[in-house]
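Okay, structure first, notes after.
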Amino acid sequence: MAMTSAAQALCRLADRDQPIAAIEALVDKLLEMAEADLPPVPLEVVASFRGIREISVAEMPRSGQLQREGGHYIVVVNAEDSASRQRFTVAHEICHTFFHEAQQVTPVNPPEWTGRYDERSDEEYLCDVGAGRMLLHPAWLQPRLESSSPTLEALLEIGDHAGASLEATAFQVSRMRIWNATFVFWEPGYRKVELARLDQKVLPGFDDGTMKPEAKLRARRIYGHPDSPFLALNKSIGSETVIGRAWTERTTTQGIEQLPTSTRVHQAECRSMYAPYRGPDGRVRDRVLTCVNWR
Ligand SMILES: [Zn+2]
């Protein structure tokens with residue numbers, strides 16, 4: 001599959017063939033210049049090496065943005081986001097500056113190909129990869145993962161140490177392919193047909209309560225070792241299960257769960273914790289994080 005023109009420019013800037021190798025090389029060079037080799041990475045210092053003069057906080061409908069002002073940049077992050085989520089946003093926006101530089105160095109032609117491009121060459125995805133590497137660098141993360149077993153507690157500790165959000169940590173840990181575990185972020189939600197029913201007026205004679213579908217926990221984001229069994233996105237899980245109880249009882253649970261994958265039902269040891277978060281609109285949302293240890 002083809003590369004986006006932005007990814008092509010990035011490859012030329014970093015002198016690499018592949019966009020992921022390119023963003024990784026650029027991040028490594030930047031961390032080296034900023035002498036930021038130990039967690040938590042001092043992002044203000046790192047950012048200043050990319051011409052970012054200021055990191056400010058504002059109420060906004062998205063996680064963040066990179067603004068050009070004169071000869072430098074300002075990064076604005078969402079005031080409602082947690083500190084660790086804001087750090088990921090800053091790291092992500094820092095990576096966008098590489099794309100700006102790349103396209104100034106080698107002006108890009110509109111892509112000649114049509115159709116789908118490899119999603120791994122998408123600028124947003126590459127900035128997430130770069131941000132993950134910046135906050136959770138393999139130089140210290142790899143030995144740390146090799147010396148501990150894949151548990152929820154170990155993931156929390158690593159995230160804490162790096163000042164990285166749960167999702168950023170799960171994302172980077174799964175990219176390292178050392179732990180044979182899957183981290184699932186569940187959020188309560190409905191199926192499409194149920195959403196339509198929620199909008200319908202209740203017919204006279206029908207009890208409101210029995211018509212209304214109930215929200216279920218659904219797998220919103222899944223980060224796992226590529227060799228692990230494949231869990232489907234949006235898959236729901238019952239409230240009576242060990243994972244479901246982490247939500248209904250707002251607690252941490254542990255137990256064997258039957259998880260349906262693409263091929264069969266797998267047994268897995270699951271440790272789940274209730275981990276609500278604040279969305280970009282400032283509303284607190286329910287969320288459960290599960291560490292799945294496949295058997
Ligand atoms: Zn972005």
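Chain identifiers are assigned as A, B, and so on, following the order in which chains appear in the structure tokens; residues are numbered from 1 within each chain, and ligands are numbered from 1 in order of appearance.
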
Which chain A residues have any atom within 8 Å of an atom of ligand 1, and for each, what is the nearest pair of atoms with distance in Å to one decimal, counting only C-alpha atoms and all ligand atoms, rows sorted by chain and number, as a Markdown table?
| residue | atom | partner | partner_atom_place_in_ligand_line | distance |
| --- | --- | --- | --- | --- |
| A:Gly64 | CA | ligand 1 | 1 (Zn) | 7.9 |
| A:Gln65 | CA | ligand 1 | 1 (Zn) | 7.3 |
| A:His92 | CA | ligand 1 | 1 (Zn) | 6.3 |
| A:Glu93 | CA | ligand 1 | 1 (Zn) | 6.1 |
| A:His96 | CA | ligand 1 | 1 (Zn) | 6.6 |
| A:Glu123 | CA | ligand 1 | 1 (Zn) | 7.2 |
| A:Glu124 | CA | ligand 1 | 1 (Zn) | 4.8 |
| A:Cys127 | CA | ligand 1 | 1 (Zn) | 6.4 |
| A:Asp128 | CA | ligand 1 | 1 (Zn) | 7.9 |

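Pairwise distance (CA of Val292 in chain A, CA of Cys270 in chain A) equals 4.7 Å.
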
Exercise. Determine which residues of range 67-254 of chain A receive a DSSP assignment of strand (DSSP E or B), computed from the backbone, and state them as a ChimeraX atom specification.
Key: /A:67-69,72-78,117,182-189,216-224,236-237,252-254

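Take CA of Gln267 in chain A and CA of Arg295 in chain A: the distance between them is 6.2 Å.
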